[in-house]
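Undergrad: File model28.pdb follows (PDB, C-alpha atoms):
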```
MODEL        1
ATOM      1  CA  MET A 244     -18.213 -30.945 -27.789
ATOM      2  CA  ASP A 245     -15.244 -29.813 -29.880
ATOM      3  CA  ILE A 246     -13.274 -26.827 -28.621
ATOM      4  CA  ASP A 247     -10.740 -24.656 -30.464
ATOM      5  CA  VAL A 248      -9.147 -21.619 -28.834
ATOM      6  CA  LEU A 249      -5.664 -21.632 -30.430
ATOM      7  CA  GLY A 250      -6.711 -18.979 -32.915
ATOM      8  CA  ALA A 251     -10.316 -17.950 -33.455
ATOM      9  CA  LEU A 252     -12.797 -19.275 -30.894
ATOM     10  CA  ASP A 253     -14.817 -22.214 -32.202
ATOM     11  CA  VAL A 254     -16.960 -24.353 -29.886
ATOM     12  CA  ARG A 255     -19.181 -26.956 -31.540
ATOM     13  CA  GLU A 256     -21.843 -29.277 -30.163
ATOM     14  CA  ASN A 257     -23.065 -31.954 -32.586
ATOM     15  CA  GLY A 258     -20.925 -30.184 -35.182
ATOM     16  CA  VAL A 259     -22.927 -26.963 -34.721
ATOM     17  CA  SER A 260     -21.202 -23.804 -33.520
ATOM     18  CA  VAL A 261     -22.453 -22.525 -30.161
ATOM     19  CA  ALA A 262     -20.196 -19.457 -30.089
ATOM     20  CA  PRO A 263     -22.232 -16.254 -29.727
ATOM     21  CA  THR A 264     -21.368 -13.103 -31.627
ATOM     22  CA  ALA A 265     -22.001 -10.692 -28.727
ATOM     23  CA  PRO A 266     -18.670  -9.814 -27.074
ATOM     24  CA  LYS A 267     -19.395 -10.540 -23.417
ATOM     25  CA  PRO A 268     -21.197 -13.892 -23.819
ATOM     26  CA  ARG A 269     -18.322 -14.817 -26.149
ATOM     27  CA  GLN A 270     -15.851 -13.983 -23.351
ATOM     28  CA  VAL A 271     -17.783 -16.202 -20.952
ATOM     29  CA  LEU A 272     -17.727 -19.107 -23.391
ATOM     30  CA  ALA A 273     -14.011 -18.651 -24.123
ATOM     31  CA  LEU A 274     -13.088 -18.779 -20.441
ATOM     32  CA  LEU A 275     -15.313 -21.809 -19.845
ATOM     33  CA  ALA A 276     -13.902 -23.495 -22.959
ATOM     34  CA  VAL A 277     -10.235 -23.129 -22.053
ATOM     35  CA  HIS A 278     -11.093 -24.657 -18.643
ATOM     36  CA  ALA A 279     -13.425 -27.312 -20.073
ATOM     37  CA  ASP A 280     -14.460 -29.990 -17.543
ATOM     38  CA  ARG A 281     -13.299 -27.770 -14.671
ATOM     39  CA  VAL A 282     -15.299 -25.375 -12.539
ATOM     40  CA  VAL A 283     -14.741 -21.708 -13.351
ATOM     41  CA  PRO A 284     -15.615 -19.602 -10.283
ATOM     42  CA  VAL A 285     -18.216 -16.890 -10.641
ATOM     43  CA  ALA A 286     -15.653 -14.426  -9.281
ATOM     44  CA  SER A 287     -13.265 -15.264 -12.150
ATOM     45  CA  LEU A 288     -15.996 -14.769 -14.738
ATOM     46  CA  ILE A 289     -16.993 -11.437 -13.208
ATOM     47  CA  GLU A 290     -13.359 -10.287 -13.149
ATOM     48  CA  GLU A 291     -12.993 -11.283 -16.790
ATOM     49  CA  LEU A 292     -16.070  -9.327 -17.830
ATOM     50  CA  TRP A 293     -15.742  -6.199 -15.712
ATOM     51  CA  SER A 294     -12.262  -6.210 -14.185
ATOM     52  CA  ALA A 295     -12.178  -4.540 -10.759
ATOM     53  CA  ARG A 296     -15.376  -2.521 -11.300
ATOM     54  CA  PRO A 297     -18.301  -4.910 -11.746
ATOM     55  CA  PRO A 298     -21.788  -3.395 -11.747
ATOM     56  CA  ARG A 299     -24.207  -4.209  -8.957
ATOM     57  CA  SER A 300     -26.096  -6.406 -11.375
ATOM     58  CA  ALA A 301     -22.971  -8.416 -12.310
ATOM     59  CA  ARG A 302     -24.219 -11.801 -11.080
ATOM     60  CA  THR A 303     -27.653 -11.356 -12.655
ATOM     61  CA  THR A 304     -26.104 -10.251 -15.950
ATOM     62  CA  LEU A 305     -23.717 -13.225 -15.883
ATOM     63  CA  GLN A 306     -26.676 -15.551 -15.381
ATOM     64  CA  THR A 307     -28.296 -13.959 -18.446
ATOM     65  CA  TYR A 308     -25.183 -14.686 -20.508
ATOM     66  CA  VAL A 309     -25.203 -18.293 -19.282
ATOM     67  CA  LEU A 310     -28.850 -18.632 -20.318
ATOM     68  CA  GLN A 311     -27.996 -17.281 -23.773
ATOM     69  CA  LEU A 312     -25.216 -19.851 -24.124
ATOM     70  CA  ARG A 313     -27.562 -22.637 -23.026
ATOM     71  CA  GLU A 314     -30.052 -21.602 -25.674
ATOM     72  CA  LEU A 315     -27.363 -21.991 -28.338
ATOM     73  CA  ILE A 316     -26.243 -25.319 -26.873
ATOM     74  CA  GLY A 317     -29.842 -26.552 -26.668
ATOM     75  CA  ALA A 318     -30.460 -25.700 -30.313
ATOM     76  CA  ALA A 319     -27.298 -27.574 -31.314
ATOM     77  CA  LEU A 320     -28.284 -30.601 -29.233
ATOM     78  CA  ALA A 321     -31.753 -30.658 -30.770
ATOM     79  CA  ARG A 322     -30.330 -30.976 -34.277
ATOM     80  CA  GLY A 323     -29.036 -34.446 -33.545
ATOM     81  CA  ALA A 324     -31.692 -35.502 -31.079
ATOM     82  CA  GLU A 325     -34.733 -37.668 -31.148
ATOM     83  CA  GLY A 326     -35.917 -36.588 -27.758
ATOM     84  CA  GLY A 327     -37.372 -33.238 -28.707
ATOM     85  CA  PRO A 328     -36.189 -29.628 -28.546
ATOM     86  CA  GLY A 329     -33.245 -28.962 -26.265
ATOM     87  CA  ALA A 330     -32.492 -32.623 -25.674
ATOM     88  CA  GLY A 331     -29.557 -34.428 -27.216
ATOM     89  CA  PRO A 332     -28.861 -38.121 -27.680
ATOM     90  CA  GLY A 333     -29.518 -39.962 -24.436
ATOM     91  CA  GLY A 334     -31.594 -37.064 -23.147
ATOM     92  CA  ARG A 335     -28.563 -34.792 -22.637
ATOM     93  CA  THR A 336     -29.688 -31.204 -22.175
ATOM     94  CA  ALA A 337     -28.023 -27.808 -22.278
ATOM     95  CA  LYS A 338     -27.874 -27.804 -18.465
ATOM     96  CA  ASP A 339     -25.870 -31.026 -18.655
ATOM     97  CA  VAL A 340     -23.377 -29.344 -20.976
ATOM     98  CA  LEU A 341     -23.122 -25.968 -19.224
ATOM     99  CA  VAL A 342     -23.476 -27.003 -15.607
ATOM    100  CA  THR A 343     -24.233 -24.776 -12.624
ATOM    101  CA  LEU A 344     -22.228 -25.866  -9.597
ATOM    102  CA  PRO A 345     -21.651 -24.328  -6.165
ATOM    103  CA  GLY A 346     -19.540 -21.232  -6.735
ATOM    104  CA  GLY A 347     -19.265 -21.431 -10.501
ATOM    105  CA  TYR A 348     -19.977 -23.018 -13.873
ATOM    106  CA  LEU A 349     -18.517 -25.967 -15.765
ATOM    107  CA  LEU A 350     -18.514 -26.640 -19.507
ATOM    108  CA  ALA A 351     -18.684 -30.417 -19.936
ATOM    109  CA  ALA A 352     -16.839 -31.434 -23.108
ATOM    110  CA  GLY A 353     -18.340 -34.915 -22.960
ATOM    111  CA  GLY A 354     -15.222 -36.568 -24.349
ATOM    112  CA  GLY A 355     -14.977 -34.232 -27.329
ATOM    113  CA  THR A 356     -11.831 -32.701 -28.755
ATOM    114  CA  SER A 357      -9.844 -29.754 -27.410
ATOM    115  CA  ASP A 358      -6.986 -28.186 -29.360
ATOM    116  CA  VAL A 359      -5.329 -27.118 -26.082
ATOM    117  CA  ARG A 360      -5.336 -30.674 -24.739
ATOM    118  CA  GLU A 361      -4.102 -32.063 -28.052
ATOM    119  CA  PHE A 362      -1.335 -29.450 -28.121
ATOM    120  CA  ASP A 363      -0.246 -30.435 -24.613
ATOM    121  CA  ARG A 364      -0.300 -34.127 -25.550
ATOM    122  CA  LEU A 365       1.767 -33.700 -28.714
ATOM    123  CA  ALA A 366       4.188 -31.259 -27.097
ATOM    124  CA  GLY A 367       4.709 -33.717 -24.236
ATOM    125  CA  LEU A 368       5.536 -36.448 -26.753
ATOM    126  CA  GLY A 369       7.998 -34.089 -28.404
ATOM    127  CA  TYR A 370       9.743 -33.181 -25.154
ATOM    128  CA  ARG A 371      10.102 -36.838 -24.197
ATOM    129  CA  ALA A 372      11.517 -37.605 -27.639
ATOM    130  CA  MET A 373      14.062 -34.785 -27.198
ATOM    131  CA  ASP A 374      15.071 -36.188 -23.815
ATOM    132  CA  ALA A 375      15.556 -39.610 -25.444
ATOM    133  CA  GLY A 376      17.648 -38.189 -28.294
ATOM    134  CA  ASP A 377      14.978 -38.973 -30.908
ATOM    135  CA  PHE A 378      15.249 -35.657 -32.736
ATOM    136  CA  ALA A 379      13.262 -36.774 -35.786
ATOM    137  CA  GLY A 380      10.376 -37.893 -33.565
ATOM    138  CA  ALA A 381      10.621 -34.690 -31.548
ATOM    139  CA  SER A 382      10.464 -32.554 -34.684
ATOM    140  CA  ARG A 383       7.393 -34.439 -35.926
ATOM    141  CA  SER A 384       5.472 -34.285 -32.641
ATOM    142  CA  LEU A 385       6.322 -30.679 -31.876
ATOM    143  CA  GLY A 386       5.582 -29.664 -35.467
ATOM    144  CA  ALA A 387       2.172 -31.349 -35.244
ATOM    145  CA  ALA A 388       1.498 -29.531 -31.955
ATOM    146  CA  LEU A 389       2.389 -26.175 -33.491
ATOM    147  CA  ASP A 390       0.200 -26.874 -36.541
ATOM    148  CA  LEU A 391      -2.834 -26.732 -34.234
ATOM    149  CA  TRP A 392      -2.330 -22.978 -33.898
ATOM    150  CA  SER A 393      -4.086 -20.808 -36.490
ATOM    151  CA  GLY A 394      -3.259 -17.480 -34.847
ATOM    152  CA  SER A 395      -3.025 -15.968 -31.376
ATOM    153  CA  ALA A 396      -5.113 -17.674 -28.709
ATOM    154  CA  PHE A 397      -8.640 -16.184 -28.491
ATOM    155  CA  ALA A 398      -7.815 -14.150 -31.606
ATOM    156  CA  ASP A 399     -11.390 -12.954 -32.147
ATOM    157  CA  VAL A 400     -12.426 -12.620 -28.495
ATOM    158  CA  GLN A 401     -12.434  -9.455 -26.430
ATOM    159  CA  THR A 402     -10.146 -10.382 -23.523
ATOM    160  CA  GLY A 403     -10.200  -9.279 -19.921
ATOM    161  CA  ALA A 404      -7.775 -10.104 -17.118
ATOM    162  CA  GLN A 405      -8.462 -13.843 -16.985
ATOM    163  CA  LEU A 406      -8.319 -14.519 -20.726
ATOM    164  CA  THR A 407      -5.253 -12.303 -21.098
ATOM    165  CA  MET A 408      -3.494 -14.419 -18.478
ATOM    166  CA  GLU A 409      -4.586 -17.627 -20.217
ATOM    167  CA  ALA A 410      -3.428 -16.302 -23.593
ATOM    168  CA  ARG A 411       0.009 -15.553 -22.147
ATOM    169  CA  ARG A 412       0.227 -19.027 -20.638
ATOM    170  CA  LEU A 413      -0.721 -20.651 -23.933
ATOM    171  CA  GLU A 414       1.691 -18.453 -25.895
ATOM    172  CA  GLU A 415       4.496 -19.421 -23.518
ATOM    173  CA  GLY A 416       3.759 -23.078 -24.217
ATOM    174  CA  ARG A 417       3.741 -22.379 -27.946
ATOM    175  CA  LEU A 418       7.085 -20.578 -27.768
ATOM    176  CA  CYS A 419       8.617 -23.382 -25.742
ATOM    177  CA  ALA A 420       7.454 -25.989 -28.269
ATOM    178  CA  LEU A 421       8.707 -23.842 -31.139
ATOM    179  CA  ASP A 422      12.111 -23.430 -29.512
ATOM    180  CA  GLN A 423      12.458 -27.176 -29.059
ATOM    181  CA  ARG A 424      11.218 -28.026 -32.569
ATOM    182  CA  ILE A 425      13.865 -25.735 -34.040
ATOM    183  CA  GLU A 426      16.414 -27.314 -31.693
ATOM    184  CA  ALA A 427      15.490 -30.757 -33.010
ATOM    185  CA  ASP A 428      15.745 -29.557 -36.620
ATOM    186  CA  LEU A 429      19.195 -28.098 -36.005
ATOM    187  CA  ARG A 430      20.357 -31.379 -34.536
ATOM    188  CA  LEU A 431      19.070 -33.089 -37.684
ATOM    189  CA  GLY A 432      21.205 -30.766 -39.842
ATOM    190  CA  ARG A 433      18.272 -28.726 -41.136
ATOM    191  CA  HIS A 434      19.993 -25.395 -40.555
ATOM    192  CA  ARG A 435      19.114 -23.946 -43.963
ATOM    193  CA  GLU A 436      15.468 -24.969 -43.603
ATOM    194  CA  VAL A 437      15.022 -22.991 -40.374
ATOM    195  CA  LEU A 438      16.831 -19.810 -41.405
ATOM    196  CA  ALA A 439      13.796 -17.948 -42.770
ATOM    197  CA  GLU A 440      11.718 -18.902 -39.732
ATOM    198  CA  LEU A 441      14.432 -17.782 -37.314
ATOM    199  CA  THR A 442      14.820 -14.480 -39.162
ATOM    200  CA  VAL A 443      11.185 -13.700 -38.367
ATOM    201  CA  LEU A 444      11.293 -15.072 -34.830
ATOM    202  CA  THR A 445      14.379 -13.138 -33.735
ATOM    203  CA  SER A 446      12.743  -9.949 -34.998
ATOM    204  CA  ARG A 447       9.579 -10.737 -33.043
ATOM    205  CA  TYR A 448      11.288 -11.931 -29.845
ATOM    206  CA  ARG A 449      14.138  -9.478 -29.673
ATOM    207  CA  ASN A 450      15.370 -10.523 -26.207
ATOM    208  CA  HIS A 451      14.989 -14.298 -26.586
ATOM    209  CA  GLU A 452      18.543 -15.583 -26.231
ATOM    210  CA  ASN A 453      17.995 -19.179 -27.268
ATOM    211  CA  LEU A 454      16.282 -18.210 -30.524
ATOM    212  CA  HIS A 455      19.180 -15.877 -31.280
ATOM    213  CA  ALA A 456      21.661 -18.640 -30.463
ATOM    214  CA  GLN A 457      19.825 -20.962 -32.853
ATOM    215  CA  PHE A 458      19.834 -18.225 -35.497
ATOM    216  CA  MET A 459      23.596 -17.740 -35.067
ATOM    217  CA  ILE A 460      24.203 -21.480 -35.399
ATOM    218  CA  ALA A 461      21.966 -21.806 -38.453
ATOM    219  CA  LEU A 462      23.707 -18.874 -40.132
ATOM    220  CA  HIS A 463      27.177 -20.169 -39.315
ATOM    221  CA  ARG A 464      26.386 -23.688 -40.490
ATOM    222  CA  SER A 465      25.120 -22.151 -43.727
ATOM    223  CA  GLY A 466      28.512 -20.503 -44.275
ATOM    224  CA  ARG A 467      27.368 -17.049 -43.129
ATOM    225  CA  ARG A 468      29.678 -16.484 -40.173
ATOM    226  CA  GLY A 469      29.709 -12.703 -40.504
ATOM    227  CA  GLU A 470      25.923 -12.564 -40.281
ATOM    228  CA  ALA A 471      25.999 -14.919 -37.302
ATOM    229  CA  LEU A 472      28.311 -12.542 -35.466
ATOM    230  CA  SER A 473      26.179  -9.576 -36.505
ATOM    231  CA  ALA A 474      23.159 -11.329 -34.971
ATOM    232  CA  TYR A 475      25.060 -11.534 -31.680
ATOM    233  CA  THR A 476      25.976  -7.835 -31.842
ATOM    234  CA  HIS A 477      22.366  -6.900 -32.564
ATOM    235  CA  LEU A 478      21.124  -8.952 -29.603
ATOM    236  CA  ARG A 479      23.753  -7.430 -27.305
ATOM    237  CA  THR A 480      22.680  -3.921 -28.317
ATOM    238  CA  THR A 481      19.003  -4.753 -27.786
ATOM    239  CA  LEU A 482      19.563  -6.344 -24.362
ATOM    240  CA  SER A 483      21.654  -3.392 -23.215
ATOM    241  CA  ARG A 484      19.147  -0.808 -24.453
ATOM    242  CA  ASP A 485      15.961  -2.542 -23.308
ATOM    243  CA  LEU A 486      17.042  -4.328 -20.132
ATOM    244  CA  GLY A 487      20.463  -2.963 -19.175
ATOM    245  CA  LEU A 488      21.904  -6.496 -19.503
ATOM    246  CA  GLU A 489      24.749  -8.206 -21.299
ATOM    247  CA  PRO A 490      24.269 -11.524 -23.122
ATOM    248  CA  SER A 491      24.643 -14.556 -20.881
ATOM    249  CA  PRO A 492      28.043 -16.284 -20.515
ATOM    250  CA  ARG A 493      26.742 -19.182 -22.588
ATOM    251  CA  LEU A 494      25.882 -16.902 -25.503
ATOM    252  CA  ARG A 495      29.252 -15.174 -25.233
ATOM    253  CA  ARG A 496      30.916 -18.590 -25.452
ATOM    254  CA  LEU A 497      28.898 -19.319 -28.568
ATOM    255  CA  GLN A 498      30.074 -16.052 -30.096
ATOM    256  CA  ASN A 499      33.663 -16.922 -29.255
ATOM    257  CA  SER A 500      33.358 -20.446 -30.666
ATOM    258  CA  ILE A 501      32.050 -18.986 -33.946
ATOM    259  CA  LEU A 502      34.933 -16.528 -34.018
ATOM    260  CA  MET A 503      37.469 -19.307 -33.428
ATOM    261  CA  ALA A 504      35.910 -22.067 -35.545
ATOM    262  CA  ALA A 505      36.933 -22.722 -39.117
ATOM    263  CA  PRO A 506      34.089 -22.245 -41.611
ATOM    264  CA  GLU A 507      33.809 -25.988 -42.076
ATOM    265  CA  SER A 508      33.757 -26.679 -38.330
ATOM    266  CA  PRO A 509      30.833 -24.765 -36.816
ATOM    267  CA  PRO A 510      29.839 -25.223 -33.161
ATOM    268  CA  ASP A 511      27.361 -27.867 -32.128
ATOM    269  CA  PRO A 512      23.826 -26.667 -31.397
ATOM    270  CA  PRO A 513      22.902 -25.869 -27.798
ATOM    271  CA  ALA A 514      21.420 -28.557 -25.577
ATOM    272  CA  PRO A 515      17.639 -28.581 -25.098
ATOM    273  CA  ALA A 516      16.438 -25.747 -22.889
ATOM    274  CA  ARG A 517      12.648 -25.628 -22.639
ATOM    275  CA  ALA A 518      12.375 -22.156 -21.120
ATOM    276  CA  ALA A 519      15.336 -20.338 -22.596
ATOM    277  CA  HIS A 520      13.543 -17.091 -23.413
ATOM    278  CA  HIS A 521      14.840 -15.322 -20.284
ATOM    279  CA  PRO A 522      18.091 -13.460 -20.929
ATOM    280  CA  ALA A 523      19.773 -15.393 -18.103
ATOM    281  CA  ALA A 524      18.852 -18.742 -19.593
ATOM    282  CA  GLY A 525      20.929 -18.981 -22.737
ATOM    283  CA  PRO A 526      21.826 -22.086 -24.689
ATOM    284  CA  GLN A 527      24.138 -24.782 -23.424
ATOM    285  CA  ILE A 528      27.175 -24.617 -25.712
ATOM    286  CA  ALA A 529      28.874 -27.847 -26.583
ATOM    287  CA  GLY A 530      31.832 -26.244 -28.333
ATOM    288  CA  SER A 531      33.314 -26.941 -31.750
ATOM    289  CA  ARG A 532      33.253 -30.331 -33.367
TER
ENDMDL
END
```
Go ahead and express the file in the form of structure tokens.
TA:
Amino acid sequence: MDIDVLGALDVRENGVSVAPTAPKPRQVLALLAVHADRVVPVASLIEELWSARPPRSARTTLQTYVLQLRELIGAALARGAEGGPGAGPGGRTAKDVLVTLPGGYLLAAGGGTSDVREFDRLAGLGYRAMDAGDFAGASRSLGAALDLWSGSAFADVQTGAQLTMEARRLEEGRLCALDQRIEADLRLGRHREVLAELTVLTSRYRNHENLHAQFMIALHRSGRRGEALSAYTHLRTTLSRDLGLEPSPRLRRLQNSILMAAPESPPDPPAPARAAHHPAAGPQIAGSR
């Protein structure tokens, strides 16, 4: 089974899509897919579908959705099977793929692909490369991880509490990988290449200090010191208005180093900081070269 959730939902068995079009069965499949090979409790599925107000028939209705998914899985298995309808190679059936277990259900990927797992693998390689000072390797691995995303997680799925939480978790991982890939590119001297991307990102993540620090550095290294300082002023205004906070001491030191540095001697980029989106977690400033 091949599973994609980093964008539109796409779950394939034998190369055949098993994603239903009806909203609620699609929600069930999405939650099972993001937790592939792990048991998803019935209570979690019910919360996802009906929040805090499930109908009395919630468990029976959930079982109906599971049966609908098994029908789609069985049809996909039969396409590549010799053992008759509903049976896949080796006699694998829909019940072997979507398994009923005490307290919940499990979607067995059977060794297939998962874009979430591949993202985690590639991002992990990138983080280790950053730690080792291999910025070119980090940029490649993190870039490959980010290329797996085709949009927001579960982009075409109606999301309840559980999927909303999962989408936020996945987006946090994406943002962390993006932050570190840009960090690697800055350390490789690719400041002009990342300017357009950082222009968009700082508009989208208005309170993300590390992205703003990277934007300031990229601007300054491109000979645009005035715009770098304007970016700091804009962030300070946004933090004060939205959160009642001042920029962190680290970001203030970056501003000062840009003010004091000659145009040909911009400050070094900040040290890696994998979760620098919180206003209190700004970049580590190395000072002027």
Undergrad: Would you kindly return, as an NGL selection string, each protein, DNA or RNA residue with an atom no farther than 8 Å from any atom of Leu472 in chain A, considering all atoms listed in the file and excluding same-chain residues fewer than 2 positions away?
TA: :A and (459 or 468-470 or 474-476 or 498 or 501-502)
Undergrad: Between CA of Asp280 in chain A and CA of Leu350 in chain A, what is the distance, to one decimal in Å?
TA: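 Those two atoms sit 5.6 Å apart.
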Undergrad: Would you kindly return, as a list in words, each protein, DNA or RNA residue with an atom no farther than 8 Å from any atom of range 269-278 of chain A, considering all atoms listed in the file and excluding same-chain residues fewer than 4 positions away?
TA: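 Near neighbours after the sequence-gap exclusion: Ile246, Val248, Leu252, Val254, Ala262, Pro263, Thr264, Ala265, Val282, Val283, Leu288, Glu291, Leu292, Tyr308, Val309, Leu312, Tyr348, Leu349, Leu350, Val359, Phe397, Val400, Gln401, Thr402, Gln405 and Leu406 of chain A.
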Undergrad: Might you spell out which residues the PyMOL selection byres ((chain A and resi 433-439) around 8) would select in the displayed file, as a VMD selection string?
TA: chain A and resid 425 428 to 432 440 to 443 458 460 to 462 464 to 465
Undergrad: Once you have the residues from the selection above, write them out as a PDB file, in the coordinates of the input, restricted to C-alpha atoms.
TA:
```pdb
ATOM      1  CA  ILE A 425      13.865 -25.735 -34.040  1.00  0.00           C
ATOM      2  CA  ASP A 428      15.745 -29.557 -36.620  1.00  0.00           C
ATOM      3  CA  LEU A 429      19.195 -28.098 -36.005  1.00  0.00           C
ATOM      4  CA  ARG A 430      20.357 -31.379 -34.536  1.00  0.00           C
ATOM      5  CA  LEU A 431      19.070 -33.089 -37.684  1.00  0.00           C
ATOM      6  CA  GLY A 432      21.205 -30.766 -39.842  1.00  0.00           C
ATOM      7  CA  GLU A 440      11.718 -18.902 -39.732  1.00  0.00           C
ATOM      8  CA  LEU A 441      14.432 -17.782 -37.314  1.00  0.00           C
ATOM      9  CA  THR A 442      14.820 -14.480 -39.162  1.00  0.00           C
ATOM     10  CA  VAL A 443      11.185 -13.700 -38.367  1.00  0.00           C
ATOM     11  CA  PHE A 458      19.834 -18.225 -35.497  1.00  0.00           C
ATOM     12  CA  ILE A 460      24.203 -21.480 -35.399  1.00  0.00           C
ATOM     13  CA  ALA A 461      21.966 -21.806 -38.453  1.00  0.00           C
ATOM     14  CA  LEU A 462      23.707 -18.874 -40.132  1.00  0.00           C
ATOM     15  CA  ARG A 464      26.386 -23.688 -40.490  1.00  0.00           C
ATOM     16  CA  SER A 465      25.120 -22.151 -43.727  1.00  0.00           C
TER      17      SER A 465
END
```
Undergrad: Running the PyMOL selection byres ((chain A and resi 257-261) around 10) on this model by hand, what would come out? Give it as a ChimeraX atom specification.
TA: /A:244-246,252-256,262-264,269,272,311-324,331-332,355
Undergrad: Which is closer to Ala379 in chain A than all the others in A:His477, A:Arg467, A:Arg493, A:Arg424, using all atoms listed in the file?
TA: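 Closest to Ala379 in chain A of all the choices is A:Arg424.
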Undergrad: At what distance in Å, to one decimal, does CA of Ala410 in chain A lie from CA of Ser294 in chain A?
TA: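 So the answer is 16.4 Å.
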Undergrad: Identify, on the basis of only C-alpha atoms, every residue whose closest approach to Glu290 in chain A does not exceed 8 Å; exclude the query and any residue fewer than 5 positions from it along the same chain; express the result as a PyMOL selection string.
TA: chain A and resi 295+297+403-405
Undergrad: Quick check, in Å to one decimal: how far apart do CA of Ala286 in chain A and CA of Ala398 in chain A lie?
TA: 23.7 Å
Undergrad: Would you please work out which residue, of A:Lys338, A:Arg281, A:Arg417, A:Arg496, is nearest to Asp390 in chain A when using only C-alpha atoms?
TA: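 Using only C-alpha atoms, the shortest distance to Asp390 in chain A belongs to A:Arg417.
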Undergrad: Which one is closest to Arg383 in chain A: A:Ala471, A:Ile289, A:Leu368, A:Leu488? Count only C-alpha atoms.
TA: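 That would be A:Leu368, the residue with the smallest distance to Arg383 in chain A.
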Undergrad: Which residue gives the smallest distance to Leu389 in chain A among A:Leu249, A:Ala279, A:Ala504, A:Ala352, with all atoms listed in the file counted?
TA: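 Under the stated criterion, the closest residue is A:Leu249.
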Undergrad: Quick check on the file I pasted: which residues fall under the PyMOL selection byres ((chain A and resi 445) around 10)? Write them as a PyMOL selection string.
TA: chain A and resi 440-444+446-458+474+478
Undergrad: I'd like the contact shell of Gly380 in chain A - 12 Å cut-off, only C-alpha atoms, skipping same-chain residues fewer than 3 positions apart - returned as number ranges by chain.
TA: A: 365-377, 383-387, 423-424, 427-428, 430-431
Undergrad: Hey, which of A:Ala301, A:Met408, A:Gly416, A:Pro284 ends up closest to Asp363 in chain A? Count all atoms listed in the file.
TA: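 Using all atoms listed in the file, Asp363 in chain A sits closest to A:Gly416.
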Undergrad: Atoms are missing here; could range 398-402 of chain A be completed with all heavy atoms and written as a PDB file, in the coordinates of the input?
TA:
```
ATOM      1  N   ALA A 398      -8.117 -15.234 -30.668  1.00  0.00           N
ATOM      2  CA  ALA A 398      -7.815 -14.150 -31.606  1.00  0.00           C
ATOM      3  C   ALA A 398      -9.001 -13.235 -31.859  1.00  0.00           C
ATOM      4  O   ALA A 398      -8.814 -12.035 -32.088  1.00  0.00           O
ATOM      5  CB  ALA A 398      -7.310 -14.731 -32.924  1.00  0.00           C
ATOM      6  N   ASP A 399     -10.215 -13.769 -31.835  1.00  0.00           N
ATOM      7  CA  ASP A 399     -11.390 -12.954 -32.147  1.00  0.00           C
ATOM      8  C   ASP A 399     -12.286 -12.741 -30.928  1.00  0.00           C
ATOM      9  O   ASP A 399     -13.491 -12.525 -31.064  1.00  0.00           O
ATOM     10  CB  ASP A 399     -12.200 -13.590 -33.278  1.00  0.00           C
ATOM     11  CG  ASP A 399     -12.674 -15.002 -32.943  1.00  0.00           C
ATOM     12  OD1 ASP A 399     -12.230 -15.557 -31.914  1.00  0.00           O
ATOM     13  OD2 ASP A 399     -13.488 -15.551 -33.707  1.00  0.00           O
ATOM     14  N   VAL A 400     -11.684 -12.809 -29.746  1.00  0.00           N
ATOM     15  CA  VAL A 400     -12.426 -12.620 -28.495  1.00  0.00           C
ATOM     16  C   VAL A 400     -11.895 -11.393 -27.772  1.00  0.00           C
ATOM     17  O   VAL A 400     -10.681 -11.207 -27.650  1.00  0.00           O
ATOM     18  CB  VAL A 400     -12.308 -13.858 -27.582  1.00  0.00           C
ATOM     19  CG1 VAL A 400     -13.083 -13.646 -26.282  1.00  0.00           C
ATOM     20  CG2 VAL A 400     -12.789 -15.115 -28.297  1.00  0.00           C
ATOM     21  N   GLN A 401     -12.814 -10.563 -27.301  1.00  0.00           N
ATOM     22  CA  GLN A 401     -12.434  -9.455 -26.430  1.00  0.00           C
ATOM     23  C   GLN A 401     -11.943 -10.047 -25.113  1.00  0.00           C
ATOM     24  O   GLN A 401     -12.665 -10.814 -24.470  1.00  0.00           O
ATOM     25  CB  GLN A 401     -13.659  -8.573 -26.201  1.00  0.00           C
ATOM     26  CG  GLN A 401     -13.477  -7.433 -25.229  1.00  0.00           C
ATOM     27  CD  GLN A 401     -14.766  -6.651 -25.073  1.00  0.00           C
ATOM     28  OE1 GLN A 401     -15.198  -5.978 -26.006  1.00  0.00           O
ATOM     29  NE2 GLN A 401     -15.412  -6.753 -23.921  1.00  0.00           N
ATOM     30  N   THR A 402     -10.725  -9.723 -24.695  1.00  0.00           N
ATOM     31  CA  THR A 402     -10.146 -10.382 -23.523  1.00  0.00           C
ATOM     32  C   THR A 402     -10.019  -9.446 -22.335  1.00  0.00           C
ATOM     33  O   THR A 402      -9.594  -8.302 -22.470  1.00  0.00           O
ATOM     34  CB  THR A 402      -8.757 -10.960 -23.845  1.00  0.00           C
ATOM     35  OG1 THR A 402      -7.901  -9.912 -24.318  1.00  0.00           O
ATOM     36  CG2 THR A 402      -8.852 -12.038 -24.914  1.00  0.00           C
TER      37      THR A 402
END
```
